[in-house]
file protein-v1.pdb (PDB, C-alpha atoms)
ATOM      1  CA  MET A   1      98.923 110.212 117.141
ATOM      2  CA  SER A   2      98.888 106.585 116.165
ATOM      3  CA  GLN A   3      96.858 103.576 117.092
ATOM      4  CA  THR A   4      97.974 100.001 116.749
ATOM      5  CA  GLY A   5      95.754  97.106 115.785
ATOM      6  CA  ASP A   6      95.979  93.685 117.315
ATOM      7  CA  SER A   7      97.493  90.920 115.227
ATOM      8  CA  GLU A   8      94.531  88.732 116.187
ATOM      9  CA  GLU A   9      92.076  90.981 114.362
ATOM     10  CA  PHE A  10      92.597  88.940 111.236
ATOM     11  CA  ARG A  11      92.670  85.224 110.784
ATOM     12  CA  PRO A  12      94.896  83.469 108.281
ATOM     13  CA  VAL A  13      93.030  82.835 105.045
ATOM     14  CA  GLU A  14      93.822  79.939 102.680
ATOM     15  CA  LEU A  15      94.254  80.385  99.919
ATOM     16  CA  GLY A  16     112.239  94.184  69.046
ATOM     17  CA  SER A  17     114.143  94.631  67.130
ATOM     18  CA  ALA A  18     117.578  96.290  67.653
ATOM     19  CA  GLY A  19     119.471  98.753  65.450
ATOM     20  CA  GLN A  20     122.061  97.331  63.018
ATOM     21  CA  GLN A  21     125.670  97.412  64.067
ATOM     22  CA  GLU A  22     128.537  98.002  61.636
ATOM     23  CA  ILE A  23     131.556  95.673  61.847
ATOM     24  CA  PRO A  24     134.831  96.798  60.276
ATOM     25  CA  ASN A  25     135.510  95.310  56.814
ATOM     26  CA  SER A  26     138.178  92.622  56.824
ATOM     27  CA  GLY A  27     139.370  93.693  53.362
ATOM     28  CA  VAL A  28     137.453  91.103  51.292
ATOM     29  CA  GLU A  29     135.870  92.829  48.304
ATOM     30  CA  LYS A  30     134.170  89.916  46.562
ATOM     31  CA  GLY A  31     130.404  90.214  46.189
ATOM     32  CA  GLY A  32     129.414  86.802  47.587
ATOM     33  CA  GLU A  33     131.634  87.039  50.646
ATOM     34  CA  ALA A  34     130.621  90.641  51.246
ATOM     35  CA  ALA A  35     126.951  89.659  51.132
ATOM     36  CA  SER A  36     127.468  86.837  53.594
ATOM     37  CA  GLY A  37     129.399  89.243  55.857
ATOM     38  CA  GLU A  38     126.470  91.680  55.793
ATOM     39  CA  ALA A  39     124.116  88.861  56.743
ATOM     40  CA  ARG A  40     126.268  88.011  59.735
ATOM     41  CA  ASP A  41     126.374  91.684  60.681
ATOM     42  CA  LYS A  42     122.573  91.752  60.834
ATOM     43  CA  GLU A  43     122.328  88.579  62.908
ATOM     44  CA  ILE A  44     124.708  89.646  65.682
ATOM     45  CA  PRO A  45     122.750  92.617  67.106
ATOM     46  CA  GLU A  46     119.487  90.675  66.856
ATOM     47  CA  ALA A  47     120.954  87.883  68.980
ATOM     48  CA  VAL A  48     122.193  90.407  71.534
ATOM     49  CA  ALA A  49     118.764  92.052  71.648
ATOM     50  CA  ARG A  50     117.014  88.727  72.244
ATOM     51  CA  THR A  51     119.401  87.891  75.075
ATOM     52  CA  SER A  52     118.813  91.214  76.829
ATOM     53  CA  VAL A  53     115.030  90.792  76.596
ATOM     54  CA  GLU A  54     115.252  87.312  78.071
ATOM     55  CA  LEU A  55     117.366  88.570  80.979
ATOM     56  CA  SER A  56     114.880  91.344  81.681
ATOM     57  CA  THR A  57     112.011  88.862  81.645
ATOM     58  CA  GLN A  58     113.917  86.530  83.948
ATOM     59  CA  ASP A  59     114.481  89.372  86.402
ATOM     60  CA  ARG A  60     110.776  90.131  86.476
ATOM     61  CA  GLN A  61     109.888  86.479  86.947
ATOM     62  CA  TYR A  62     112.425  86.222  89.772
ATOM     63  CA  LEU A  63     110.798  89.116  91.628
ATOM     64  CA  LEU A  64     107.309  87.721  91.054
ATOM     65  CA  ARG A  65     108.317  84.381  92.572
ATOM     66  CA  LYS A  66     110.510  85.767  95.337
ATOM     67  CA  PHE A  67     108.041  88.224  96.894
ATOM     68  CA  PHE A  68     104.893  86.631  98.285
ATOM     69  CA  VAL A  69     102.873  89.782  97.606
ATOM     70  CA  ALA A  70     103.375  89.203  93.872
ATOM     71  CA  ARG A  71     101.976  85.678  93.952
ATOM     72  CA  PRO A  72      98.471  85.161  92.520
ATOM     73  CA  GLY A  73      95.729  86.186  94.930
ATOM     74  CA  ALA A  74      97.958  87.451  97.753
ATOM     75  CA  LEU A  75      97.458  91.175  97.193
ATOM     76  CA  GLU A  76      93.759  90.734  96.439
ATOM     77  CA  GLN A  77      93.283  88.854  99.726
ATOM     78  CA  ALA A  78      95.108  91.571 101.658
ATOM     79  CA  VAL A  79      92.982  94.303 100.094
ATOM     80  CA  GLU A  80      89.779  92.402 100.908
ATOM     81  CA  ASP A  81      90.817  91.769 104.511
ATOM     82  CA  LEU A  82      91.908  95.326 105.159
ATOM     83  CA  LYS A  83      88.899  96.854 103.435
ATOM     84  CA  THR A  84      86.590  94.772 105.620
ATOM     85  CA  HIS A  85      88.491  95.832 108.734
ATOM     86  CA  VAL A  86      88.269  99.527 107.872
ATOM     87  CA  THR A  87      84.574  99.332 107.027
ATOM     88  CA  VAL A  88      83.550  97.307 110.097
ATOM     89  CA  ARG A  89      85.946  98.583 112.779
ATOM     90  CA  GLU A  90      86.590 102.159 111.658
ATOM     91  CA  GLY A  91      83.347 102.895 109.816
ATOM     92  CA  GLU A  92      85.216 104.469 106.909
ATOM     93  CA  THR A  93      85.598 103.906 103.185
ATOM     94  CA  VAL A  94      89.020 103.268 101.678
ATOM     95  CA  LEU A  95      89.827 105.701  98.888
ATOM     96  CA  SER A  96      93.021 104.022  97.682
ATOM     97  CA  PHE A  97      95.448 101.205  98.461
ATOM     98  CA  TRP A  98      99.231 101.421  98.069
ATOM     99  CA  LEU A  99     102.045  98.902  98.395
ATOM    100  CA  LEU A 100     105.149 100.731  99.611
ATOM    101  CA  ALA A 101     108.326 100.276 101.609
ATOM    102  CA  GLU A 102     108.488 102.142 104.906
ATOM    103  CA  VAL A 103     111.959 103.380 105.879
ATOM    104  CA  ASP A 104     112.381 103.814 109.632
ATOM    105  CA  HIS A 105     114.736 106.205 111.423
ATOM    106  CA  TRP A 106     117.466 103.540 111.378
ATOM    107  CA  ASN A 107     117.174 103.105 107.584
ATOM    108  CA  ASN A 108     115.463  99.697 107.795
ATOM    109  CA  GLU A 109     113.000  98.858 105.005
ATOM    110  CA  LYS A 110     109.649  97.346 105.920
ATOM    111  CA  GLU A 111     106.931  96.194 103.552
ATOM    112  CA  ARG A 112     103.672  98.039 104.152
ATOM    113  CA  VAL A 113     100.161  98.270 102.733
ATOM    114  CA  VAL A 114      99.067 101.897 103.020
ATOM    115  CA  MET A 115      95.446 102.996 102.829
ATOM    116  CA  ILE A 116      94.040 106.489 102.441
ATOM    117  CA  THR A 117      90.552 107.186 103.758
ATOM    118  CA  GLU A 118      88.717 110.485 104.083
ATOM    119  CA  LYS A 119      90.015 111.012 107.629
ATOM    120  CA  ASN A 120      93.046 108.789 108.176
ATOM    121  CA  LEU A 121      96.187 107.322 106.746
ATOM    122  CA  LEU A 122      96.405 103.649 107.735
ATOM    123  CA  ILE A 123      99.835 101.991 107.676
ATOM    124  CA  CYS A 124      99.436  98.209 107.777
ATOM    125  CA  LYS A 125     101.964  95.504 108.488
ATOM    126  CA  TYR A 126     100.570  92.537 106.559
ATOM    127  CA  ASP A 127     101.989  89.030 106.484
ATOM    128  CA  PHE A 128     101.668  87.896 102.867
ATOM    129  CA  ILE A 129     102.830  84.408 103.789
ATOM    130  CA  MET A 130     100.073  83.680 106.317
ATOM    131  CA  LEU A 131      97.698  86.238 104.743
ATOM    132  CA  ALA A 132      97.057  87.963 108.054
ATOM    133  CA  CYS A 133      97.247  91.560 109.285
ATOM    134  CA  GLN A 134      99.692  91.973 112.158
ATOM    135  CA  GLN A 135      99.546  95.680 112.951
ATOM    136  CA  ILE A 136      97.808  98.895 111.898
ATOM    137  CA  GLN A 137      99.005 102.420 112.625
ATOM    138  CA  LYS A 138      96.460 105.203 112.180
ATOM    139  CA  VAL A 139      97.510 108.765 111.400
ATOM    140  CA  PRO A 140      94.726 111.421 111.241
ATOM    141  CA  LEU A 141      95.090 113.351 108.003
ATOM    142  CA  ASN A 142      94.055 116.653 109.589
ATOM    143  CA  TYR A 143      97.103 116.394 111.898
ATOM    144  CA  VAL A 144      99.572 116.074 109.018
ATOM    145  CA  ASP A 145     101.329 119.444 108.828
ATOM    146  CA  ARG A 146     104.292 118.807 106.509
ATOM    147  CA  ILE A 147     104.998 116.572 103.498
ATOM    148  CA  CYS A 148     108.556 116.395 102.160
ATOM    149  CA  ARG A 149     109.569 114.824  98.856
ATOM    150  CA  GLY A 150     113.183 114.375  97.794
ATOM    151  CA  GLN A 151     116.421 112.394  97.731
ATOM    152  CA  PHE A 152     117.637 110.477 100.776
ATOM    153  CA  THR A 153     120.630 112.007 102.537
ATOM    154  CA  PHE A 154     122.795 111.060 105.524
ATOM    155  CA  PRO A 155     125.101 112.892 107.945
ATOM    156  CA  PRO A 156     128.514 113.818 106.466
ATOM    157  CA  ARG A 157     130.433 111.120 108.385
ATOM    158  CA  SER A 158     127.809 108.411 108.029
ATOM    159  CA  LEU A 159     128.844 105.028 106.651
ATOM    160  CA  ASP A 160     125.221 104.218 105.820
ATOM    161  CA  LYS A 161     123.886 104.902 102.331
ATOM    162  CA  ARG A 162     120.601 104.713 100.440
ATOM    163  CA  GLU A 163     119.925 105.576  96.825
ATOM    164  CA  GLY A 164     116.708 106.955  95.413
ATOM    165  CA  GLU A 165     113.905 109.205  96.562
ATOM    166  CA  GLY A 166     111.139 109.044  99.122
ATOM    167  CA  VAL A 167     108.408 110.982 100.870
ATOM    168  CA  ARG A 168     108.201 111.858 104.560
ATOM    169  CA  LEU A 169     105.107 113.146 106.333
ATOM    170  CA  TYR A 170     105.079 114.834 109.736
ATOM    171  CA  TRP A 171     101.982 115.009 111.925
ATOM    172  CA  ASP A 172     103.071 116.867 115.068
ATOM    173  CA  LYS A 173     105.282 119.871 114.428
ATOM    174  CA  LEU A 174     104.936 120.918 118.068
ATOM    175  CA  ARG A 175     106.735 117.788 119.286
ATOM    176  CA  GLU A 176     110.313 116.967 118.397
ATOM    177  CA  ALA A 177     111.576 113.405 118.564
ATOM    178  CA  SER A 178     113.486 112.782 121.788
ATOM    179  CA  VAL A 179     117.083 111.573 121.850
ATOM    180  CA  VAL A 180     115.946 108.277 123.366
ATOM    181  CA  SER A 181     113.452 107.719 120.538
ATOM    182  CA  ARG A 182     115.995 108.553 117.841
ATOM    183  CA  TRP A 183     118.553 106.108 119.239
ATOM    184  CA  ASN A 184     116.036 103.341 119.889
ATOM    185  CA  PRO A 185     115.732 101.201 116.707
ATOM    186  CA  TRP A 186     112.316  99.871 117.818
ATOM    187  CA  SER A 187     110.825 103.211 118.842
ATOM    188  CA  SER A 188     107.349 104.028 117.529
ATOM    189  CA  GLU A 189     107.134 107.455 119.174
ATOM    190  CA  LEU A 190     108.542 109.446 116.282
ATOM    191  CA  PRO A 191     106.085 112.049 114.874
ATOM    192  CA  TYR A 192     106.828 111.190 111.240
ATOM    193  CA  THR A 193     107.106 108.301 108.798
ATOM    194  CA  THR A 194     108.964 107.787 105.531
ATOM    195  CA  PHE A 195     108.093 105.801 102.411
ATOM    196  CA  THR A 196     109.871 104.787  99.224
ATOM    197  CA  ASP A 197     109.072 102.617  96.199
ATOM    198  CA  HIS A 198     108.408  98.911  96.709
ATOM    199  CA  PRO A 199     110.944  96.587  94.966
ATOM    200  CA  VAL A 200     108.243  94.925  92.809
ATOM    201  CA  LYS A 201     107.219  98.191  91.161
ATOM    202  CA  ASN A 202     108.587  97.115  87.760
ATOM    203  CA  CYS A 203     107.129  93.603  87.721
ATOM    204  CA  SER A 204     103.856  94.496  86.022
ATOM    205  CA  GLU A 205     101.568  97.386  85.172
ATOM    206  CA  ARG A 206      99.424  96.659  88.216
ATOM    207  CA  PHE A 207     102.343  97.031  90.618
ATOM    208  CA  ALA A 208     103.704 100.035  88.715
ATOM    209  CA  ILE A 209     100.561 101.946  89.680
ATOM    210  CA  ILE A 210     100.400 101.161  93.406
ATOM    211  CA  CYS A 211     104.108 100.802  94.289
ATOM    212  CA  GLN A 212     105.468 104.220  93.344
ATOM    213  CA  VAL A 213     105.831 107.123  95.734
ATOM    214  CA  ASP A 214     105.080 109.845  93.172
ATOM    215  CA  ALA A 215     101.450 108.836  92.635
ATOM    216  CA  PHE A 216     101.002 108.154  96.353
ATOM    217  CA  THR A 217     102.308 111.610  97.266
ATOM    218  CA  ALA A 218      99.987 113.368  94.834
ATOM    219  CA  GLU A 219      96.905 111.649  96.248
ATOM    220  CA  LEU A 220      98.092 112.072  99.841
ATOM    221  CA  VAL A 221      98.451 115.834  99.405
ATOM    222  CA  GLN A 222      94.895 116.112  98.087
ATOM    223  CA  ALA A 223      93.504 113.969 100.921
ATOM    224  CA  VAL A 224      95.351 116.010 103.581
ATOM    225  CA  GLN A 225      94.150 119.322 102.175
ATOM    226  CA  LYS A 226      90.577 118.061 102.055
ATOM    227  CA  ALA A 227      90.766 116.714 105.634
ATOM    228  CA  HIS A 228      92.043 120.062 106.933
ATOM    229  CA  LYS A 229      89.089 121.828 105.338
ATOM    230  CA  MET A 230      86.484 119.334 106.564
ATOM    231  CA  ASP A 231      87.786 118.952 110.127
ATOM    232  CA  PRO A 232      90.236 121.685 111.173
ATOM    233  CA  VAL A 233      92.097 121.134 114.436
ATOM    234  CA  PRO A 234      91.633 123.952 116.987
ATOM    235  CA  GLY A 235      94.836 125.827 117.749
ATOM    236  CA  ARG A 236      96.619 124.593 114.614
ATOM    237  CA  ALA A 237      97.218 126.308 111.310
ATOM    238  CA  ASN A 238      95.017 124.726 108.681
ATOM    239  CA  GLY A 239      96.696 122.987 105.790
ATOM    240  CA  ALA A 240      99.986 121.192 105.271
ATOM    241  CA  VAL A 241     103.225 122.531 103.855
ATOM    242  CA  VAL A 242     104.476 120.575 100.821
ATOM    243  CA  LEU A 243     108.246 120.772 100.327
ATOM    244  CA  ASN A 244     110.779 119.463  97.815
ATOM    245  CA  GLN A 245     113.888 118.899  99.900
ATOM    246  CA  PRO A 246     116.344 116.125 100.859
ATOM    247  CA  ILE A 247     115.141 113.580 103.415
ATOM    248  CA  LEU A 248     117.693 113.152 106.193
ATOM    249  CA  ILE A 249     118.182 109.748 107.836
ATOM    250  CA  GLU A 250     120.333 110.187 110.929
ATOM    251  CA  THR A 251     122.282 106.957 110.982
ATOM    252  CA  TYR A 252     126.054 106.614 111.105
ATOM    253  CA  ALA A 253     127.258 103.009 111.160
ATOM    254  CA  GLY A 254     124.208 101.404 109.551
ATOM    255  CA  PHE A 255     125.240  97.838 110.357
ATOM    256  CA  MET A 256     121.708  96.682 111.217
ATOM    257  CA  SER A 257     120.159  98.253 108.132
ATOM    258  CA  PHE A 258     122.909  96.880 105.892
ATOM    259  CA  ILE A 259     122.190  93.308 107.010
ATOM    260  CA  GLY A 260     118.419  93.747 107.064
ATOM    261  CA  ASN A 261     117.997  95.561 103.751
ATOM    262  CA  ARG A 262     120.485  93.388 101.902
ATOM    263  CA  ASN A 263     118.536  90.260 102.922
ATOM    264  CA  LYS A 264     115.097  91.947 102.642
ATOM    265  CA  LEU A 265     114.225  90.985 106.214
ATOM    266  CA  GLY A 266     111.375  93.486 106.260
ATOM    267  CA  TYR A 267     109.507  91.720 103.427
ATOM    268  CA  SER A 268     107.413  88.571 103.111
ATOM    269  CA  LEU A 269     109.969  86.732 101.033
ATOM    270  CA  ALA A 270     110.719  83.197  99.858
ATOM    271  CA  ARG A 271     114.071  82.458 101.491
ATOM    272  CA  GLY A 272     114.684  78.892 100.357
ATOM    273  CA  SER A 273     114.944  75.702 102.350
ATOM    274  CA  VAL A 274     116.870  75.460 105.608
ATOM    275  CA  GLY A 275     118.516  72.197 106.567
ATOM    276  CA  PHE A 276     120.403  69.366 104.917
TER     277      PHE A 276
END
call {"tool": "encode", "arguments": {"input": "protein-v1.pdb", "output": "C-alpha cells"}}
result
Amino acid sequence: MSQTGDSEEFRPVELGSAGQQEIPNSGVEKGGEAASGEARDKEIPEAVARTSVELSTQDRQYLLRKFFVARPGALEQAVEDLKTHVTVREGETVLSFWLLAEVDHWNNEKERVVMITEKNLLICKYDFIMLACQQIQKVPLNYVDRICRGQFTFPPRSLDKREGEGVRLYWDKLREASVVSRWNPWSSELPYTTFTDHPVKNCSERFAIICQVDAFTAELVQAVQKAHKMDPVPGRANGAVVLNQPILIETYAGFMSFIGNRNKLGYSLARGSVGF
C-alpha cells in the first residue's frame, strides 16, 4: 500500500526565582551575625536556581546545534520542497506537517517529515544536511483500519528496551506480516508503521507543536475518518478503530538498535570532525 519516491526528485538547495531554603542555626544569637546568616541563606538557593536555568538553556542550545533540522532555514526549506512536490506530482494540498521519529520493527529510530493530505499520509525521508528528499512512502488514509496509542512494550525475555509512548497505524488488517519480513531489518513490506516524539520537541515552541505524537494522533484520526467517508473502499468496513493499548516491538537482542539509537544514526546530525 505504499509508494516510494525517487531520491532524484529533489535537488540539493543552498542555503526565577527559587523558594528560600532554611539552614540550621549554628547557635549564634547575636543580631548582626544572625542578619548576615539570613542574607547568606537567601543567596544560596538563588545561586542554585540560576545554575539550573543555565544548564537547561545549554541543553536546548546543544540540541539546536546538534540536529540539522533545528538550524535556521532547514525545516522551512524542507516544508517548501515537500509542499511543491505534493502539489505538482500528487495534485493534493498538504493539511499539516509533522517532524517525528519513526520506529521500525527492529526498534531503530529514523527521522521523518510526515504530511497529512485529504487522501494520503506521506512519510518522507529528508536529508537536512543536503536539503534533499530521499524517499517518500504514501499510505492512503481510507485504507487505515486501526490506530493504536500507548506505551512501548517488548517480549518478556527481550534484552531490548525503549521508554515512552508512541502511535502505530495499520492499513491492511487482512494481511499479516510474514516471518521473513519480521526478521528482515530492511523490510518495507510490513502493513503498519510506528511513530514517537522527535528529540528536539523541547527546544522551542515551534518544535513543541510539530514534534509530539499526541497532536499528530488527534489530527490523523480526524483525517482518516473523513477519508473513509469521502472515499470508502469496497469490501472493507468503513472507519478505523482507535485503541489505547501497549505497542509491541518484537525484538530480543536489540544490538543493532542499541548502537543506532545511542548514536542517533537515523538523524541528520552533526557528528564532529573525523581525522587527525
call {"tool": "atom_distance", "arguments": {"input": "protein-v1.pdb", "atom1": "atom CA of Val241 of chain A", "atom2": "atom CA of Asp104 of chain A"}}
result
21.6 Å
call {"tool": "axis_aligned_box", "arguments": {"input": "protein-v1.pdb", "around": "segment 229-239 of chain A", "padding_each_side": "5 Å", "output": "JSON"}}
result
{"center_x": 91.9, "center_y": 122.6, "center_z": 111.5, "size_x": 20.7, "size_y": 17.4, "size_z": 22.4}
call {"tool": "closest_residue", "arguments": {"input": "protein-v1.pdb", "among": "A:Tyr143, A:Trp98, A:Lys161, A:Ala70", "to": "Phe255 of chain A", "atoms": "all atoms listed in the file"}}
result
A:Lys161
call {"tool": "closest_residue", "arguments": {"input": "protein-v1.pdb", "among": "A:Cys133, A:Ala223, A:Ile209, A:Leu248", "to": "Thr193 of chain A", "atoms": "only C-alpha atoms"}}
result
A:Leu248
call {"tool": "residues_around", "arguments": {"input": "protein-v1.pdb", "residues": "Leu265 of chain A", "least_positions_apart": "4", "cutoff": "12 Å", "atoms": "all atoms listed in the file", "output": "short mmCIF file (atom, residue, chain, number, x, y, z; two decimals) with C-alpha atoms, in the frame of the given file"}}
result
data_model
loop_
_atom_site.label_atom_id
_atom_site.label_comp_id
_atom_site.auth_asym_id
_atom_site.auth_seq_id
_atom_site.Cartn_x
_atom_site.Cartn_y
_atom_site.Cartn_z
CA PHE A 67 108.04 88.22 96.89
CA ALA A 101 108.33 100.28 101.61
CA ASN A 108 115.46 99.70 107.80
CA GLU A 109 113.00 98.86 105.00
CA LYS A 110 109.65 97.35 105.92
CA GLU A 111 106.93 96.19 103.55
CA MET A 256 121.71 96.68 111.22
CA SER A 257 120.16 98.25 108.13
CA PHE A 258 122.91 96.88 105.89
CA ILE A 259 122.19 93.31 107.01
CA GLY A 260 118.42 93.75 107.06
CA ASN A 261 118.00 95.56 103.75
CA LEU A 269 109.97 86.73 101.03
CA ALA A 270 110.72 83.20 99.86
CA ARG A 271 114.07 82.46 101.49
#
call {"tool": "resolve_selection", "arguments": {"input": "protein-v1.pdb", "expression": "the PyMOL selection byres ((chain A and resi 77) around 12)", "output": "PyMOL selection string"}}
result
chain A and resi 10-15+68-76+78-84+126-133
call {"tool": "atom_distance", "arguments": {"input": "protein-v1.pdb", "atom1": "atom CA of Ser268 of chain A", "atom2": "atom CA of Tyr252 of chain A"}}
result
27.1 Å
call {"tool": "residues_around", "arguments": {"input": "protein-v1.pdb", "residues": "Lys201 of chain A", "least_positions_apart": "3", "cutoff": "10 Å", "atoms": "only C-alpha atoms", "output": "list in words"}}
result
Arg60, Leu63, Leu99, Leu100, Asp197, His198, Ser204, Glu205, Arg206, Phe207, Ala208, Ile209, Ile210, Cys211 and Gln212 of chain A
call {"tool": "atom_distance", "arguments": {"input": "protein-v1.pdb", "atom1": "atom CA of Asn202 of chain A", "atom2": "atom CA of Gly164 of chain A"}}
result
14.9 Å
call {"tool": "closest_residue", "arguments": {"input": "protein-v1.pdb", "among": "A:Val114, A:Leu220, A:Trp171, A:Phe195", "to": "Arg146 of chain A", "atoms": "only C-alpha atoms"}}
result
A:Trp171
call {"tool": "residues_around", "arguments": {"input": "protein-v1.pdb", "residues": "Leu169 of chain A", "least_positions_apart": "5", "cutoff": "12 Å", "atoms": "all atoms listed in the file", "output": "short mmCIF file (atom, residue, chain, number, x, y, z; two decimals) with C-alpha atoms, in the coordinates of the input"}}
result
data_model
loop_
_atom_site.label_atom_id
_atom_site.label_comp_id
_atom_site.auth_asym_id
_atom_site.auth_seq_id
_atom_site.Cartn_x
_atom_site.Cartn_y
_atom_site.Cartn_z
CA GLU A 102 108.49 102.14 104.91
CA VAL A 103 111.96 103.38 105.88
CA LEU A 121 96.19 107.32 106.75
CA VAL A 139 97.51 108.76 111.40
CA PRO A 140 94.73 111.42 111.24
CA LEU A 141 95.09 113.35 108.00
CA TYR A 143 97.10 116.39 111.90
CA VAL A 144 99.57 116.07 109.02
CA ASP A 145 101.33 119.44 108.83
CA ARG A 146 104.29 118.81 106.51
CA ILE A 147 105.00 116.57 103.50
CA CYS A 148 108.56 116.40 102.16
CA ARG A 149 109.57 114.82 98.86
CA GLY A 150 113.18 114.38 97.79
CA LEU A 190 108.54 109.45 116.28
CA PRO A 191 106.08 112.05 114.87
CA TYR A 192 106.83 111.19 111.24
CA THR A 193 107.11 108.30 108.80
CA THR A 194 108.96 107.79 105.53
CA PHE A 195 108.09 105.80 102.41
CA THR A 196 109.87 104.79 99.22
CA PHE A 216 101.00 108.15 96.35
CA THR A 217 102.31 111.61 97.27
CA LEU A 220 98.09 112.07 99.84
CA VAL A 221 98.45 115.83 99.40
CA VAL A 224 95.35 116.01 103.58
CA ALA A 240 99.99 121.19 105.27
CA VAL A 241 103.22 122.53 103.86
CA VAL A 242 104.48 120.58 100.82
CA LEU A 243 108.25 120.77 100.33
CA ILE A 247 115.14 113.58 103.42
#
call {"tool": "closest_residue", "arguments": {"input": "protein-v1.pdb", "among": "A:Gln151, A:Gln137, A:Thr93, A:Gln245", "to": "Ser188 of chain A", "atoms": "only C-alpha atoms"}}
result
A:Gln137
call {"tool": "build_atoms", "arguments": {"input": "protein-v1.pdb", "residues": "segment 162-176 of chain A", "atoms": "N, CA and C atoms", "output": "PDB file, in the frame of the given file"}}
result
ATOM      1  N   ARG A 162     121.846 105.146 101.085  1.00  0.00           N
ATOM      2  CA  ARG A 162     120.601 104.713 100.440  1.00  0.00           C
ATOM      3  C   ARG A 162     120.408 105.549  99.189  1.00  0.00           C
ATOM      4  N   GLU A 163     120.176 104.874  98.079  1.00  0.00           N
ATOM      5  CA  GLU A 163     119.925 105.576  96.825  1.00  0.00           C
ATOM      6  C   GLU A 163     118.431 105.825  96.654  1.00  0.00           C
ATOM      7  N   GLY A 164     118.107 106.746  95.772  1.00  0.00           N
ATOM      8  CA  GLY A 164     116.708 106.955  95.413  1.00  0.00           C
ATOM      9  C   GLY A 164     116.030 108.071  96.183  1.00  0.00           C
ATOM     10  N   GLU A 165     114.716 108.146  95.979  1.00  0.00           N
ATOM     11  CA  GLU A 165     113.905 109.205  96.562  1.00  0.00           C
ATOM     12  C   GLU A 165     112.814 108.608  97.452  1.00  0.00           C
ATOM     13  N   GLY A 166     112.215 109.473  98.251  1.00  0.00           N
ATOM     14  CA  GLY A 166     111.139 109.044  99.122  1.00  0.00           C
ATOM     15  C   GLY A 166     110.249 110.209  99.487  1.00  0.00           C
ATOM     16  N   VAL A 167     109.291 109.942 100.357  1.00  0.00           N
ATOM     17  CA  VAL A 167     108.408 110.982 100.870  1.00  0.00           C
ATOM     18  C   VAL A 167     108.295 110.797 102.382  1.00  0.00           C
ATOM     19  N   ARG A 168     108.336 111.897 103.105  1.00  0.00           N
ATOM     20  CA  ARG A 168     108.201 111.858 104.560  1.00  0.00           C
ATOM     21  C   ARG A 168     107.088 112.796 104.978  1.00  0.00           C
ATOM     22  N   LEU A 169     106.182 112.308 105.834  1.00  0.00           N
ATOM     23  CA  LEU A 169     105.107 113.146 106.333  1.00  0.00           C
ATOM     24  C   LEU A 169     105.202 113.285 107.847  1.00  0.00           C
ATOM     25  N   TYR A 170     105.031 114.496 108.310  1.00  0.00           N
ATOM     26  CA  TYR A 170     105.079 114.834 109.736  1.00  0.00           C
ATOM     27  C   TYR A 170     103.662 115.152 110.203  1.00  0.00           C
ATOM     28  N   TRP A 171     103.331 114.728 111.430  1.00  0.00           N
ATOM     29  CA  TRP A 171     101.982 115.009 111.925  1.00  0.00           C
ATOM     30  C   TRP A 171     101.958 115.679 113.294  1.00  0.00           C
ATOM     31  N   ASP A 172     103.077 116.146 113.796  1.00  0.00           N
ATOM     32  CA  ASP A 172     103.071 116.867 115.068  1.00  0.00           C
ATOM     33  C   ASP A 172     104.282 117.789 115.103  1.00  0.00           C
ATOM     34  N   LYS A 173     104.147 118.948 114.500  1.00  0.00           N
ATOM     35  CA  LYS A 173     105.282 119.871 114.428  1.00  0.00           C
ATOM     36  C   LYS A 173     105.608 120.489 115.781  1.00  0.00           C
ATOM     37  N   LEU A 174     104.690 120.369 116.750  1.00  0.00           N
ATOM     38  CA  LEU A 174     104.936 120.918 118.068  1.00  0.00           C
ATOM     39  C   LEU A 174     105.773 119.986 118.942  1.00  0.00           C
ATOM     40  N   ARG A 175     105.996 118.761 118.474  1.00  0.00           N
ATOM     41  CA  ARG A 175     106.735 117.788 119.286  1.00  0.00           C
ATOM     42  C   ARG A 175     107.917 117.256 118.491  1.00  0.00           C
ATOM     43  N   GLU A 176     109.103 117.484 119.007  1.00  0.00           N
ATOM     44  CA  GLU A 176     110.313 116.967 118.397  1.00  0.00           C
ATOM     45  C   GLU A 176     110.615 115.577 118.956  1.00  0.00           C
TER      46      GLU A 176
END
